[in-house]
file target24.cif (mmCIF, C-alpha atoms)
data_data
#
loop_
_atom_site.label_atom_id
_atom_site.label_comp_id
_atom_site.auth_asym_id
_atom_site.auth_seq_id
_atom_site.Cartn_x
_atom_site.Cartn_y
_atom_site.Cartn_z
CA GLU E 1 75.99 107.33 81.21
CA LEU E 2 79.18 106.92 79.25
CA LYS E 3 78.94 104.49 76.34
CA VAL E 4 81.85 103.38 74.21
CA GLU E 5 81.33 101.80 70.81
CA GLN E 6 83.91 100.23 68.55
CA ASN E 7 83.63 99.32 64.93
CA PRO E 8 84.07 97.06 63.29
CA LEU E 9 83.68 94.29 65.86
CA PHE E 10 85.31 91.75 63.56
CA LEU E 11 87.94 92.46 60.96
CA SER E 12 89.69 90.02 58.71
CA MET E 13 92.42 91.43 56.54
CA GLN E 14 95.39 90.41 54.49
CA GLU E 15 98.98 90.99 55.39
CA GLY E 16 100.36 94.17 53.94
CA LYS E 17 97.06 96.05 53.96
CA ASN E 18 96.11 99.13 55.95
CA TYR E 19 93.01 99.46 58.06
CA THR E 20 91.45 101.55 60.84
CA ILE E 21 89.47 100.66 63.94
CA TYR E 22 87.11 103.33 65.26
CA CYS E 23 86.15 104.09 68.84
CA ASN E 24 83.29 106.48 69.58
CA TYR E 25 82.25 107.58 73.06
CA SER E 26 79.15 109.36 74.23
CA THR E 27 80.19 111.93 76.85
CA THR E 28 83.14 114.17 77.58
CA SER E 29 86.33 112.47 78.69
CA ASP E 30 89.93 113.57 78.89
CA ARG E 31 91.71 110.26 78.45
CA LEU E 32 91.40 107.29 76.18
CA TYR E 33 93.26 104.00 76.26
CA TRP E 34 93.91 101.24 73.77
CA TYR E 35 94.58 97.69 74.90
CA ARG E 36 95.48 94.51 73.11
CA GLN E 37 94.32 91.03 74.17
CA ASP E 38 95.64 87.79 72.70
CA PRO E 39 93.38 84.70 72.93
CA GLY E 40 93.29 83.34 76.46
CA LYS E 41 95.56 86.09 77.73
CA SER E 42 95.29 89.29 79.73
CA LEU E 43 95.03 92.85 78.45
CA GLU E 44 98.18 94.70 77.51
CA SER E 45 98.28 98.48 77.48
CA LEU E 46 99.17 99.92 74.07
CA PHE E 47 98.47 103.65 74.16
CA VAL E 48 97.24 106.39 76.45
CA LEU E 49 95.85 109.47 74.70
CA LEU E 50 95.60 112.46 77.00
CA SER E 51 94.47 115.43 74.91
CA ASN E 52 92.71 116.54 71.78
CA GLY E 53 94.84 115.89 68.72
CA ALA E 54 97.09 113.43 70.55
CA VAL E 55 98.79 110.91 68.31
CA LYS E 56 100.85 107.96 69.48
CA GLN E 57 102.69 105.45 67.32
CA GLU E 58 104.31 102.12 68.08
CA GLY E 59 105.55 100.09 65.16
CA ARG E 60 102.70 99.50 62.71
CA LEU E 61 100.06 100.87 65.08
CA MET E 62 99.08 104.50 65.37
CA ALA E 63 96.37 105.88 67.64
CA SER E 64 94.80 109.32 67.56
CA LEU E 65 92.21 111.20 69.58
CA ASP E 66 89.68 113.87 68.59
CA THR E 67 87.91 114.92 71.79
CA LYS E 68 85.55 117.29 69.99
CA ALA E 69 84.23 114.48 67.82
CA ARG E 70 84.55 112.00 70.74
CA LEU E 71 86.41 109.69 68.42
CA SER E 72 89.63 107.74 68.54
CA THR E 73 91.15 105.71 65.76
CA LEU E 74 93.66 102.87 65.77
CA HIS E 75 95.35 102.65 62.39
CA ILE E 76 97.21 99.56 61.28
CA THR E 77 99.82 100.01 58.58
CA ALA E 78 101.03 97.14 56.41
CA ALA E 79 99.50 94.54 58.71
CA VAL E 80 101.45 91.46 59.74
CA HIS E 81 100.13 88.23 61.22
CA ASP E 82 101.56 89.02 64.68
CA LEU E 83 99.07 91.85 65.03
CA SER E 84 96.16 89.39 65.10
CA ALA E 85 94.42 89.99 68.46
CA THR E 86 91.41 91.68 70.00
CA TYR E 87 91.79 95.42 70.47
CA PHE E 88 89.85 97.35 73.07
CA CYS E 89 89.45 101.05 73.55
CA ALA E 90 88.51 102.34 76.98
CA VAL E 91 87.51 105.80 78.15
CA ILE E 92 87.93 107.20 81.62
CA ILE E 93 84.89 108.63 83.34
CA GLN E 94 85.41 112.36 83.85
CA GLY E 95 86.16 113.12 87.49
CA ALA E 96 86.68 109.47 88.41
CA GLN E 97 89.31 106.85 87.70
CA LYS E 98 87.01 104.20 86.25
CA LEU E 99 87.20 102.92 82.72
CA VAL E 100 84.37 102.07 80.37
CA PHE E 101 85.41 99.61 77.66
CA GLY E 102 84.27 99.19 74.11
CA GLN E 103 83.12 95.76 72.96
CA GLY E 104 86.47 94.99 71.37
CA THR E 105 87.51 94.47 67.75
CA ARG E 106 88.71 91.00 66.86
CA LEU E 107 91.38 91.44 64.22
CA THR E 108 92.55 88.50 62.12
CA ILE E 109 95.39 89.01 59.69
CA ASN E 110 95.76 86.35 57.05
CA PRO E 111 99.01 85.57 55.22
CA ASP T 1 109.71 93.27 89.06
CA ALA T 2 106.42 94.62 90.30
CA GLU T 3 103.41 92.68 89.13
CA ILE T 4 99.76 91.82 89.61
CA THR T 5 98.76 88.22 90.23
CA GLN T 6 95.47 86.38 90.49
CA SER T 7 94.61 83.05 92.03
CA PRO T 8 93.34 80.56 91.28
CA ARG T 9 93.76 80.75 87.51
CA HIS T 10 90.97 78.24 86.97
CA LYS T 11 88.12 77.33 89.29
CA ILE T 12 85.12 75.05 88.97
CA THR T 13 82.47 75.31 91.65
CA GLU T 14 78.85 74.42 92.25
CA THR T 15 75.82 76.66 92.38
CA GLY T 16 75.27 78.12 95.83
CA ARG T 17 78.85 77.84 97.06
CA GLN T 18 80.86 80.82 98.25
CA VAL T 19 83.93 81.52 96.15
CA THR T 20 86.78 83.98 96.71
CA LEU T 21 89.12 85.08 93.97
CA ALA T 22 92.41 86.63 95.04
CA CYS T 23 94.18 89.61 93.51
CA HIS T 24 97.59 90.80 94.68
CA GLN T 25 99.69 93.66 93.30
CA THR T 26 103.18 94.76 94.24
CA TRP T 27 103.16 98.18 92.56
CA ASN T 28 101.79 99.88 95.66
CA HIS T 29 98.93 101.22 93.55
CA ASN T 30 96.08 102.90 95.36
CA ASN T 31 93.41 101.92 92.85
CA MET T 32 92.25 98.36 92.24
CA PHE T 33 89.44 97.05 90.05
CA TRP T 34 87.59 93.84 89.30
CA TYR T 35 86.09 93.16 85.86
CA ARG T 36 84.33 90.27 84.26
CA GLN T 37 84.71 89.46 80.59
CA ASP T 38 81.97 87.74 78.64
CA LEU T 39 81.51 87.24 74.92
CA GLY T 40 79.55 90.10 73.45
CA HIS T 41 79.92 92.31 76.53
CA GLY T 42 83.57 93.28 76.59
CA LEU T 43 84.81 94.04 80.11
CA ARG T 44 82.35 95.15 82.76
CA LEU T 45 83.32 96.69 86.08
CA ILE T 46 82.21 94.75 89.16
CA HIS T 47 83.78 96.58 92.12
CA TYR T 48 86.64 98.98 92.65
CA SER T 49 88.68 100.54 95.43
CA TYR T 50 90.61 103.80 95.68
CA GLY T 51 92.50 102.79 98.80
CA VAL T 52 92.48 100.85 102.06
CA GLN T 53 88.99 100.51 103.56
CA ASP T 54 87.43 102.04 100.42
CA THR T 55 85.16 99.95 98.16
CA ASN T 56 82.65 100.95 95.51
CA LYS T 57 80.10 99.19 93.35
CA GLY T 58 80.56 99.01 89.63
CA GLU T 59 78.22 98.29 86.77
CA VAL T 60 77.52 94.63 87.62
CA SER T 61 78.03 94.31 91.38
CA ASP T 62 75.00 92.19 92.37
CA GLY T 63 76.12 88.90 93.92
CA TYR T 64 79.71 90.07 94.46
CA SER T 65 81.56 91.74 97.32
CA VAL T 66 85.08 93.02 97.97
CA SER T 67 87.09 94.21 100.93
CA ARG T 68 90.33 96.21 101.04
CA SER T 69 92.31 95.69 104.24
CA ASN T 70 95.72 96.56 102.76
CA THR T 71 97.14 98.23 99.67
CA GLU T 72 98.25 95.04 97.93
CA ASP T 73 95.09 92.90 97.94
CA LEU T 74 91.51 93.14 96.74
CA PRO T 75 89.77 89.76 97.05
CA LEU T 76 86.49 89.27 95.18
CA THR T 77 83.84 87.10 96.86
CA LEU T 78 80.87 85.49 95.20
CA GLU T 79 78.48 85.02 98.11
CA SER T 80 76.39 82.27 96.50
CA ALA T 81 77.69 81.33 93.08
CA ALA T 82 75.23 81.23 90.19
CA SER T 83 75.65 79.84 86.69
CA SER T 84 75.33 83.39 85.34
CA GLN T 85 78.61 84.16 87.10
CA THR T 86 80.54 81.77 84.88
CA SER T 87 83.04 84.12 83.29
CA VAL T 88 86.65 85.23 83.09
CA TYR T 89 87.54 87.64 85.88
CA PHE T 90 90.29 90.22 85.61
CA CYS T 91 91.81 92.29 88.35
CA ALA T 92 93.54 95.57 87.52
CA SER T 93 95.38 98.32 89.36
CA SER T 94 96.45 101.90 88.69
CA GLU T 95 98.17 104.78 90.42
CA SER T 96 96.18 107.71 91.76
CA ARG T 97 95.13 110.39 89.31
CA MET T 98 97.41 113.09 90.68
CA THR T 99 100.65 111.46 89.58
CA SER T 100 100.04 109.34 86.54
CA THR T 101 98.13 108.64 83.35
CA ASP T 102 95.75 106.34 85.26
CA THR T 103 96.71 103.44 83.03
CA GLN T 104 95.25 100.26 84.46
CA TYR T 105 97.46 97.17 84.48
CA PHE T 106 95.72 93.84 84.33
CA GLY T 107 96.31 90.53 86.03
CA PRO T 108 96.36 87.23 84.11
CA GLY T 109 92.70 86.44 84.78
CA THR T 110 90.72 83.72 86.54
CA ARG T 111 88.41 81.46 84.57
CA LEU T 112 85.46 80.56 86.80
CA THR T 113 82.91 77.91 85.91
CA VAL T 114 79.78 77.51 88.03
CA LEU T 115 77.99 74.19 87.50
#
call {"tool": "encode", "arguments": {"input": "target24.cif", "output": "structure tokens"}}
result
Amino acid sequence: ELKVEQNPLFLSMQEGKNYTIYCNYSTTSDRLYWYRQDPGKSLESLFVLLSNGAVKQEGRLMASLDTKARLSTLHITAAVHDLSATYFCAVIIQGAQKLVFGQGTRLTINP
Amino acid sequence: DAEITQSPRHKITETGRQVTLACHQTWNHNNMFWYRQDLGHGLRLIHYSYGVQDTNKGEVSDGYSVSRSNTEDLPLTLESAASSQTSVYFCASSESRMTSTDTQYFGPGTRLTVL
């Protein structure tokens, strides 16, 4: 059974600082997704990582994937308040098109 | 623009009643999914469909059913609502694996309260 674990689950940080959210998964998978969710809103797709060593960047967010370690990271550079949200990673089940989600990381960025 | 919609956005019902939540997408996606989101559990898959007349059970399917009579719609039915089914429900859709990254796109959600 595929399990996906994120850490930390809660993160409070100051504007201008850097931090990393980690996503570990338990069995082989060839694709990993990062989503953002604002309070009371739906999930917005941020990144799709399709292969080992894949790196994607959008603004102050950068995601990477190490399939051998079964680990993805979401790095936040010089955080700004607008990045406050809950971030989910999700892993596709090999051979199917179903996603298994991590618990989410609630990120709060304080001025 | 293509989109995915859910209705109603908010619903209050009583224990034991049958409830149907609608999901409609205009992307012509083959795959559709229903999730529930609860504090401490993230998103959990309820049912999913890979195409017309295809339905499959997910991780937490007990007490729920779906049917897929066309490409655009996947309604979710709670046969006899229970308080444990109070949650936020999200519908999602994606293209088939052969042609895309399988990214799932989510609807706005339905907040269901069972009293």
call {"tool": "atom_distance", "arguments": {"input": "target24.cif", "atom1": "CA of Thr105 (chain E)", "atom2": "CA of Ala92 (chain T)"}}
result
20.7 Å
call {"tool": "closest_atom_pairs", "arguments": {"input": "target24.cif", "of": "region 83-112 of chain T", "to": "region 66-71 of chain T", "cutoff": "12 Å", "atoms": "all atoms listed in the file", "output": "tab-separated table"}}
result
residue	atom	partner	partner_atom	distance
T:Cys91	CA	T:Val66	CA	11.8
T:Ser93	CA	T:Thr71	CA	10.5
T:Ser94	CA	T:Thr71	CA	11.6
T:Glu95	CA	T:Thr71	CA	11.4
call {"tool": "resolve_selection", "arguments": {"input": "target24.cif", "expression": "the PyMOL selection byres ((chain E and resi 78) around 7)", "output": "ChimeraX atom specification"}}
result
/E:15-18,60,76-77,79-80
call {"tool": "resolve_selection", "arguments": {"input": "target24.cif", "expression": "the PyMOL selection byres ((chain T) within 12 of (chain E))", "output": "number ranges by chain"}}
result
T: 4-6, 9-10, 30-50, 56-59, 88-98, 100-111
call {"tool": "residues_near_point", "arguments": {"input": "target24.cif", "point": "(84.1, 87.8, 96.2)", "cutoff": "6 Å", "atoms": "only C-alpha atoms", "output": "JSON list (two decimals) with C-alpha atoms, in the frame of the given file"}}
result
[["chain", "number", "residue", "atom", "x", "y", "z"],
["T", 20, "THR", "CA", 86.78, 83.98, 96.71],
["T", 64, "TYR", "CA", 79.71, 90.07, 94.46],
["T", 65, "SER", "CA", 81.56, 91.74, 97.32],
["T", 66, "VAL", "CA", 85.08, 93.02, 97.97],
["T", 76, "LEU", "CA", 86.49, 89.27, 95.18],
["T", 77, "THR", "CA", 83.84, 87.10, 96.86],
["T", 78, "LEU", "CA", 80.87, 85.49, 95.20]]
call {"tool": "atom_distance", "arguments": {"input": "target24.cif", "atom1": "CA of Lys11 (chain T)", "atom2": "CA of Gln85 (chain T)"}}
result
11.9 Å
call {"tool": "residues_around", "arguments": {"input": "target24.cif", "residues": "Thr13 (chain T)", "least_positions_apart": "4", "cutoff": "8 Å", "atoms": "all atoms listed in the file", "output": "mmCIF file with C-alpha atoms, in the coordinates of the input"}}
result
data_model
loop_
_atom_site.group_PDB
_atom_site.id
_atom_site.type_symbol
_atom_site.label_atom_id
_atom_site.label_comp_id
_atom_site.auth_asym_id
_atom_site.auth_seq_id
_atom_site.Cartn_x
_atom_site.Cartn_y
_atom_site.Cartn_z
ATOM 1 C CA ARG T 17 78.850 77.840 97.060
ATOM 2 C CA VAL T 19 83.930 81.520 96.150
ATOM 3 C CA ALA T 81 77.690 81.330 93.080
ATOM 4 C CA LEU T 112 85.460 80.560 86.800
ATOM 5 C CA THR T 113 82.910 77.910 85.910
ATOM 6 C CA VAL T 114 79.780 77.510 88.030
ATOM 7 C CA LEU T 115 77.990 74.190 87.500
#
call {"tool": "residues_around", "arguments": {"input": "target24.cif", "residues": "Leu107 (chain E)", "least_positions_apart": "3", "cutoff": "6 Å", "atoms": "all atoms listed in the file", "output": "list in words"}}
result
Leu11, Ser12, Ser84, Ala85 and Thr86 of chain E
call {"tool": "write_last_selection", "arguments": {"input": "target24.cif", "atoms": "C-alpha atoms", "output": "CSV table (one decimal), keeping the file's coordinate frame"}}
result
chain,number,residue,atom,x,y,z
E,11,LEU,CA,87.9,92.5,61.0
E,12,SER,CA,89.7,90.0,58.7
E,84,SER,CA,96.2,89.4,65.1
E,85,ALA,CA,94.4,90.0,68.5
E,86,THR,CA,91.4,91.7,70.0
call {"tool": "atom_distance", "arguments": {"input": "target24.cif", "atom1": "CA of Asp30 (chain E)", "atom2": "CA of Gly51 (chain T)"}}
result
22.8 Å
call {"tool": "closest_residue", "arguments": {"input": "target24.cif", "among": "E:Glu58, E:Ile109, E:Thr28, E:Asn52", "to": "Met13 (chain E)", "atoms": "all atoms listed in the file"}}
result
E:Ile109
call {"tool": "resolve_selection", "arguments": {"input": "target24.cif", "expression": "the PyMOL selection byres ((chain E and resi 4) around 7)", "output": "PDB file with C-alpha atoms, in the frame of the given file"}}
result
ATOM      1  CA  LEU E   2      79.180 106.920  79.250  1.00  0.00           C
ATOM      2  CA  LYS E   3      78.940 104.490  76.340  1.00  0.00           C
ATOM      3  CA  GLU E   5      81.330 101.800  70.810  1.00  0.00           C
ATOM      4  CA  GLN E   6      83.910 100.230  68.550  1.00  0.00           C
ATOM      5  CA  CYS E  23      86.150 104.090  68.840  1.00  0.00           C
ATOM      6  CA  ASN E  24      83.290 106.480  69.580  1.00  0.00           C
ATOM      7  CA  TYR E  25      82.250 107.580  73.060  1.00  0.00           C
ATOM      8  CA  SER E  26      79.150 109.360  74.230  1.00  0.00           C
ATOM      9  CA  VAL E 100      84.370 102.070  80.370  1.00  0.00           C
ATOM     10  CA  PHE E 101      85.410  99.610  77.660  1.00  0.00           C
ATOM     11  CA  GLY E 102      84.270  99.190  74.110  1.00  0.00           C
TER      12      GLY E 102
END
call {"tool": "decode", "arguments": {"input": "target24.cif", "residues": "chain E", "atoms": "C-alpha atoms", "output": "PDB file, in the first residue's frame"}}
result
ATOM      1  CA  GLU E   1       0.000   0.000   0.000  1.00  0.00           C
ATOM      2  CA  LEU E   2       1.355   3.371  -1.004  1.00  0.00           C
ATOM      3  CA  LYS E   3       1.776   5.813   1.872  1.00  0.00           C
ATOM      4  CA  VAL E   4       2.763   9.443   1.501  1.00  0.00           C
ATOM      5  CA  GLU E   5       4.102  11.452   4.413  1.00  0.00           C
ATOM      6  CA  GLN E   6       4.846  15.141   4.557  1.00  0.00           C
ATOM      7  CA  ASN E   7       6.822  17.047   7.101  1.00  0.00           C
ATOM      8  CA  PRO E   8       6.491  19.322   8.746  1.00  0.00           C
ATOM      9  CA  LEU E   9       2.698  19.406   9.008  1.00  0.00           C
ATOM     10  CA  PHE E  10       2.734  22.969  10.315  1.00  0.00           C
ATOM     11  CA  LEU E  11       5.289  25.612   9.500  1.00  0.00           C
ATOM     12  CA  SER E  12       5.363  29.194  10.637  1.00  0.00           C
ATOM     13  CA  MET E  13       8.094  31.330   9.190  1.00  0.00           C
ATOM     14  CA  GLN E  14       9.084  34.916   8.683  1.00  0.00           C
ATOM     15  CA  GLU E  15       9.075  36.752   5.418  1.00  0.00           C
ATOM     16  CA  GLY E  16      12.406  36.655   3.671  1.00  0.00           C
ATOM     17  CA  LYS E  17      13.452  33.279   5.070  1.00  0.00           C
ATOM     18  CA  ASN E  18      14.054  30.043   3.189  1.00  0.00           C
ATOM     19  CA  TYR E  19      12.539  26.709   4.086  1.00  0.00           C
ATOM     20  CA  THR E  20      11.856  23.225   2.704  1.00  0.00           C
ATOM     21  CA  ILE E  21       8.863  20.923   2.889  1.00  0.00           C
ATOM     22  CA  TYR E  22       9.571  17.209   2.550  1.00  0.00           C
ATOM     23  CA  CYS E  23       7.435  14.517   0.969  1.00  0.00           C
ATOM     24  CA  ASN E  24       8.340  10.846   1.419  1.00  0.00           C
ATOM     25  CA  TYR E  25       6.505   7.961  -0.208  1.00  0.00           C
ATOM     26  CA  SER E  26       6.668   4.267   0.478  1.00  0.00           C
ATOM     27  CA  THR E  27       6.602   2.446  -2.873  1.00  0.00           C
ATOM     28  CA  THR E  28       7.817   2.997  -6.412  1.00  0.00           C
ATOM     29  CA  SER E  29       6.066   5.695  -8.398  1.00  0.00           C
ATOM     30  CA  ASP E  30       6.933   7.573 -11.552  1.00  0.00           C
ATOM     31  CA  ARG E  31       5.098  10.829 -10.963  1.00  0.00           C
ATOM     32  CA  LEU E  32       4.683  13.232  -8.110  1.00  0.00           C
ATOM     33  CA  TYR E  33       2.494  16.308  -7.857  1.00  0.00           C
ATOM     34  CA  TRP E  34       2.452  19.384  -5.673  1.00  0.00           C
ATOM     35  CA  TYR E  35      -0.758  21.276  -5.015  1.00  0.00           C
ATOM     36  CA  ARG E  36      -1.582  24.444  -3.159  1.00  0.00           C
ATOM     37  CA  GLN E  37      -4.814  25.034  -1.224  1.00  0.00           C
ATOM     38  CA  ASP E  38      -5.888  28.390   0.196  1.00  0.00           C
ATOM     39  CA  PRO E  39      -8.331  28.356   3.148  1.00  0.00           C
ATOM     40  CA  GLY E  40     -11.824  27.452   2.014  1.00  0.00           C
ATOM     41  CA  LYS E  41     -10.699  27.006  -1.571  1.00  0.00           C
ATOM     42  CA  SER E  42      -9.972  24.192  -3.989  1.00  0.00           C
ATOM     43  CA  LEU E  43      -6.621  22.641  -4.854  1.00  0.00           C
ATOM     44  CA  GLU E  44      -4.450  24.306  -7.456  1.00  0.00           C
ATOM     45  CA  SER E  45      -1.824  22.336  -9.342  1.00  0.00           C
ATOM     46  CA  LEU E  46       1.698  23.704  -8.861  1.00  0.00           C
ATOM     47  CA  PHE E  47       4.140  21.142 -10.234  1.00  0.00           C
ATOM     48  CA  VAL E  48       4.280  17.758 -11.901  1.00  0.00           C
ATOM     49  CA  LEU E  49       7.565  15.876 -11.498  1.00  0.00           C
ATOM     50  CA  LEU E  50       7.932  13.046 -13.981  1.00  0.00           C
ATOM     51  CA  SER E  51      11.398  11.570 -13.535  1.00  0.00           C
ATOM     52  CA  ASN E  52      14.310  11.109 -11.189  1.00  0.00           C
ATOM     53  CA  GLY E  53      16.224  14.340 -10.754  1.00  0.00           C
ATOM     54  CA  ALA E  54      13.369  16.457 -12.099  1.00  0.00           C
ATOM     55  CA  VAL E  55      13.381  20.038 -10.894  1.00  0.00           C
ATOM     56  CA  LYS E  56      10.649  22.581 -11.517  1.00  0.00           C
ATOM     57  CA  GLN E  57      10.616  26.219 -10.454  1.00  0.00           C
ATOM     58  CA  GLU E  58       7.898  28.841 -10.369  1.00  0.00           C
ATOM     59  CA  GLY E  59       8.709  32.129  -8.721  1.00  0.00           C
ATOM     60  CA  ARG E  60       9.877  31.513  -5.154  1.00  0.00           C
ATOM     61  CA  LEU E  61       8.912  27.831  -5.217  1.00  0.00           C
ATOM     62  CA  MET E  62      11.134  25.035  -6.442  1.00  0.00           C
ATOM     63  CA  ALA E  63      10.242  21.346  -6.408  1.00  0.00           C
ATOM     64  CA  SER E  64      12.547  18.396  -6.934  1.00  0.00           C
ATOM     65  CA  LEU E  65      12.205  14.632  -7.097  1.00  0.00           C
ATOM     66  CA  ASP E  66      14.569  11.822  -6.099  1.00  0.00           C
ATOM     67  CA  THR E  67      12.849   8.571  -7.058  1.00  0.00           C
ATOM     68  CA  LYS E  68      15.616   6.403  -5.606  1.00  0.00           C
ATOM     69  CA  ALA E  69      15.172   7.967  -2.180  1.00  0.00           C
ATOM     70  CA  ARG E  70      11.377   8.233  -2.744  1.00  0.00           C
ATOM     71  CA  LEU E  71      11.605  11.846  -1.702  1.00  0.00           C
ATOM     72  CA  SER E  72      10.398  15.138  -3.072  1.00  0.00           C
ATOM     73  CA  THR E  73      11.128  18.569  -1.689  1.00  0.00           C
ATOM     74  CA  LEU E  74       9.345  21.887  -2.075  1.00  0.00           C
ATOM     75  CA  HIS E  75      11.762  24.718  -1.374  1.00  0.00           C
ATOM     76  CA  ILE E  76      10.572  28.214  -0.588  1.00  0.00           C
ATOM     77  CA  THR E  77      13.020  31.028  -1.215  1.00  0.00           C
ATOM     78  CA  ALA E  78      12.704  34.419   0.469  1.00  0.00           C
ATOM     79  CA  ALA E  79       9.149  33.715   1.590  1.00  0.00           C
ATOM     80  CA  VAL E  80       6.423  36.315   1.170  1.00  0.00           C
ATOM     81  CA  HIS E  81       3.042  36.470   2.883  1.00  0.00           C
ATOM     82  CA  ASP E  82       1.177  35.514  -0.322  1.00  0.00           C
ATOM     83  CA  LEU E  83       2.693  32.042  -0.134  1.00  0.00           C
ATOM     84  CA  SER E  84       0.749  31.284   3.053  1.00  0.00           C
ATOM     85  CA  ALA E  85      -1.386  28.219   2.216  1.00  0.00           C
ATOM     86  CA  THR E  86      -1.550  24.474   2.694  1.00  0.00           C
ATOM     87  CA  TYR E  87       0.701  22.505   0.363  1.00  0.00           C
ATOM     88  CA  PHE E  88       0.005  18.915  -0.583  1.00  0.00           C
ATOM     89  CA  CYS E  89       2.170  16.413  -2.345  1.00  0.00           C
ATOM     90  CA  ALA E  90       0.506  13.508  -4.115  1.00  0.00           C
ATOM     91  CA  VAL E  91       1.964  10.394  -5.703  1.00  0.00           C
ATOM     92  CA  ILE E  92       0.436   8.387  -8.504  1.00  0.00           C
ATOM     93  CA  ILE E  93      -0.037   4.679  -7.976  1.00  0.00           C
ATOM     94  CA  GLN E  94       2.194   2.798 -10.412  1.00  0.00           C
ATOM     95  CA  GLY E  95       0.128   1.298 -13.214  1.00  0.00           C
ATOM     96  CA  ALA E  96      -3.003   3.243 -12.299  1.00  0.00           C
ATOM     97  CA  GLN E  97      -4.099   6.849 -12.498  1.00  0.00           C
ATOM     98  CA  LYS E  98      -5.028   7.297  -8.846  1.00  0.00           C
ATOM     99  CA  LEU E  99      -3.344   9.702  -6.496  1.00  0.00           C
ATOM    100  CA  VAL E 100      -2.421   9.198  -2.873  1.00  0.00           C
ATOM    101  CA  PHE E 101      -2.074  12.477  -0.986  1.00  0.00           C
ATOM    102  CA  GLY E 102       0.129  13.479   1.887  1.00  0.00           C
ATOM    103  CA  GLN E 103      -1.470  15.040   4.953  1.00  0.00           C
ATOM    104  CA  GLY E 104      -0.617  18.549   3.813  1.00  0.00           C
ATOM    105  CA  THR E 105       1.725  21.189   5.248  1.00  0.00           C
ATOM    106  CA  ARG E 106       0.069  24.321   6.557  1.00  0.00           C
ATOM    107  CA  LEU E 107       2.466  27.161   5.866  1.00  0.00           C
ATOM    108  CA  THR E 108       2.052  30.523   7.578  1.00  0.00           C
ATOM    109  CA  ILE E 109       4.357  33.357   6.626  1.00  0.00           C
ATOM    110  CA  ASN E 110       4.464  36.238   9.044  1.00  0.00           C
ATOM    111  CA  PRO E 111       5.486  39.788   8.111  1.00  0.00           C
TER     112      PRO E 111
END
